[in-house]
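Student: Dropping a structure here in structure tokens format, bear with me for questions.
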Amino acid sequence: MNNAMISSLNQSKLSFTSFSNPLPRKHSSFNALKFSPLPIIQNSQKGLNFDTTSQKPLHISSIGSFSFSRKTQQEKPVTVCNAYEADRSRPLDINVELPDEQAAQKIKIGMYFATWWALNVVFNIYNKKVLNAFPYPWLTSTLSLACGSLMMLISWATRIADAPKTDFEFWKTLFPVAVAHTIGHVAATVSMSKVAVSFTHIIKSGEPAFSVLVSKFLLGDTFPLPVYLSLLPIIGGCALSAVTELNFNMTGFMGAMISNLAFVFRNIFSKKGMSGKSVSGMNYYACLSMLSLLILTPFAIAVEGPQMWAAGWQNALAQIGPNFVWWVAAQSIFYHLYNQVSYMSLDQISPLTFSIGNTMKRISVIVSSIIIFHTPVQPVNALGAAIAILGTFLYSQAKQ
């Protein structure tokens with residue numbers, strides 16, 4: 001049957017013109033109409049670029065009666081076409097970051113870094129002052145954890161911060177992380193009590209080497225060649241600084257090395273066990289501090305003991321005066337604050353950015369401690385520190 005039909009829809013009027021073999025009048029009305037899909041309508045909005053593949057078909061939701069009579073051309077339109085998108089119930093998911101939002105995010109990250117570095121520098125200065133007058137690193141480490149735990153308990157009790165929802169499984173998973181954190185914290189404090197702050201942080205800049213070696217031989221991880229090559233300046237720079245250190249002390253050196261190893265295991269345990277947990281950031285570090293305090297306290301009593309602490313406290317007060325109490329309080333408060341900010345920043349920035357920030361933090365601590373404590377530094381020692389820090393930066397770039 002060779003019939004040709006052309007339909008045109010002009011605004012709200014619909015008319016049909018038939019050619020050969022016109023249909024009888026009694027069949028001129030249709031209760032249902034079958035039609036070919038209409039052309040695809042593509043969404044567009046001025047100023048926004050959408051993917052041209054996201055095209056949505058147009059459907060006609062309601063149709064009045066159609067007639068082939070010419071009379072209908074002069075009648076009031078009865079055909080109403082309501083168009084809608086096929087998936088109209090699902091809103092378009094458009095994430096457009098405005099320039100103002102990008103600038104605000106950069107400012108926020110910069111504030112995190114500035115606060116983190118400043119708090120860490122202040123902690124290291126007061127921590128070293130306390131250890132010079134009161135050489136009991138086990139008690140000093142315990143007070144740092146106790147102060148942070150008390151601060152967070154008060155924050156939760158006063159509703160300044162929301163208390164985390166934890167269960168036994170959470171604390172069970174957190175336990176090995178807390179053990180490694182406790183060992184690393186005490187070992188670093190022991191190192192600070194024996195050697196200069198700058199030397200401790202130069203050795204601690206070698207932590208990436210421990211991370212790669214532990215991951216390679218204990219976990220079976222593999223790394224690209226640039227990662228292994230970046231370890232050469234790290235190890236070489238640390239070795240050069242150790243050999244040329246004027247006030248070298250084996251206990252201080254080993255304390256920094258043990259701290260590196262412990263913090264590597266802390267990071268491994270944290271990644272293995274804490275994935276998918278709801279507690280993070282500030283509350284995560286608060287829980288970590290409390291559990292570490294419970295682990296450390298009996299060992300601190302066994303190693304040093306109340307009698308040594310009492311005698312040392314009286315001696316420090318006699319030498320320094322009431323300011324010594326402020327030093328102890330300051331180093332404890334700033335220790336918690338700088339760690340808290342570092343954990344909070346992990347929720348806002350990428351691990352690569354955090355690693356670069358950590359490298360810059362060590363530079364700020366090393367330089368500031370040399371200036372404040374008038375630490376004698378030989379040119380070759382400074383060269384070793386620069387090489388080690390450069391290697392740390394190259395490592396962070398190679399691992400991305």
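In the structure tokens, chains take the letters A, B, ... in the order shown, each chain's residues start at 1, and ligands count up from 1 in the order shown.
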Name all residues at most 9 Å from stretch 316-328 of chain A (count only C-alpha atoms; drop same-chain ones fewer than 6 positions away) and give them as a list in words.

Tutor: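 Non-adjacent residues within range: Tyr126, Asn127, Lys129, Val130, Ala133, Phe134, Thr140, Leu143 and Ser144 of chain A.
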
Student: Hey, what's within 12 Å of A:Ser205 if we count only C-alpha atoms and toss same-chain stuff fewer than 6 positions away? As JSON, numbers by chain, please?

Tutor: {"A": [198, 199, 211, 231, 233, 234, 235, 236, 237, 238, 239, 241, 256, 257, 259, 260, 261, 263, 355, 356, 358, 359, 360, 361, 362, 363, 365, 366, 384, 385, 386, 387, 388, 389, 390, 391, 392, 393, 395, 396]}

Student: Taking the DSSP secondary structure from the backbone, can you list the residues of stretch 106-350 of chain A that are helix (DSSP H, G or I), as an MDAnalysis selection string?

Tutor: chainID A and resid 106:133 137:157 168:194 197:204 207:217 225:244 250:273 281:303 306:320 323:346

Student: How far is it from atom CA of A:Tyr285 to atom CA of A:Thr115, in Å with one decimal?

Tutor: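 Here the two named atoms are 17.0 Å from each other.
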
Student: Name all residues at most 12 Å from stretch 213-216 of chain A (count only C-alpha atoms; drop same-chain ones fewer than 4 positions away) and give them as a PyMOL selection string.

Tutor: chain A and resi 206-209+220-224+227-228+231+260-269

Student: Go ahead and write the residues just picked, C-alpha atoms, as a PDB file, in the first residue's frame.

Tutor:
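selection.pdb, freshly written:
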```
ATOM      1  CA  GLY A 206      64.900   8.976  56.855  1.00  0.00           C
ATOM      2  CA  GLU A 207      61.494   7.470  57.686  1.00  0.00           C
ATOM      3  CA  PRO A 208      60.636   6.845  53.981  1.00  0.00           C
ATOM      4  CA  ALA A 209      63.587   4.455  53.735  1.00  0.00           C
ATOM      5  CA  GLY A 220      55.869  -8.053  49.769  1.00  0.00           C
ATOM      6  CA  ASP A 221      55.007  -4.698  48.196  1.00  0.00           C
ATOM      7  CA  THR A 222      56.830  -3.552  45.086  1.00  0.00           C
ATOM      8  CA  PHE A 223      57.732  -0.002  44.091  1.00  0.00           C
ATOM      9  CA  PRO A 224      58.844   1.630  40.850  1.00  0.00           C
ATOM     10  CA  VAL A 227      61.207   5.247  44.558  1.00  0.00           C
ATOM     11  CA  TYR A 228      64.261   3.088  45.237  1.00  0.00           C
ATOM     12  CA  LEU A 231      66.260   6.414  48.976  1.00  0.00           C
ATOM     13  CA  ASN A 260      61.180   5.916  62.451  1.00  0.00           C
ATOM     14  CA  LEU A 261      60.568   2.179  62.479  1.00  0.00           C
ATOM     15  CA  ALA A 262      57.722   2.424  64.995  1.00  0.00           C
ATOM     16  CA  PHE A 263      55.896   5.118  63.065  1.00  0.00           C
ATOM     17  CA  VAL A 264      56.195   3.073  59.883  1.00  0.00           C
ATOM     18  CA  PHE A 265      54.414   0.180  61.608  1.00  0.00           C
ATOM     19  CA  ARG A 266      51.873   2.618  63.033  1.00  0.00           C
ATOM     20  CA  ASN A 267      51.007   3.764  59.522  1.00  0.00           C
ATOM     21  CA  ILE A 268      50.815   0.184  58.248  1.00  0.00           C
ATOM     22  CA  PHE A 269      48.535  -0.947  61.093  1.00  0.00           C
TER      23      PHE A 269
END
```

Student: Which of these residues is nearest to A:Ile372, using only C-alpha atoms: A:Thr182, A:Ser280, A:Ser332, A:Asn124?

Tutor: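 Closest candidate: A:Asn124.
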
Student: Tell me, in Å to one decimal, how far atom CA of A:Gln314 is from atom CA of A:Trp138.

Tutor: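 Interatomic distance, atom CA of A:Gln314 to atom CA of A:Trp138: 17.2 Å.
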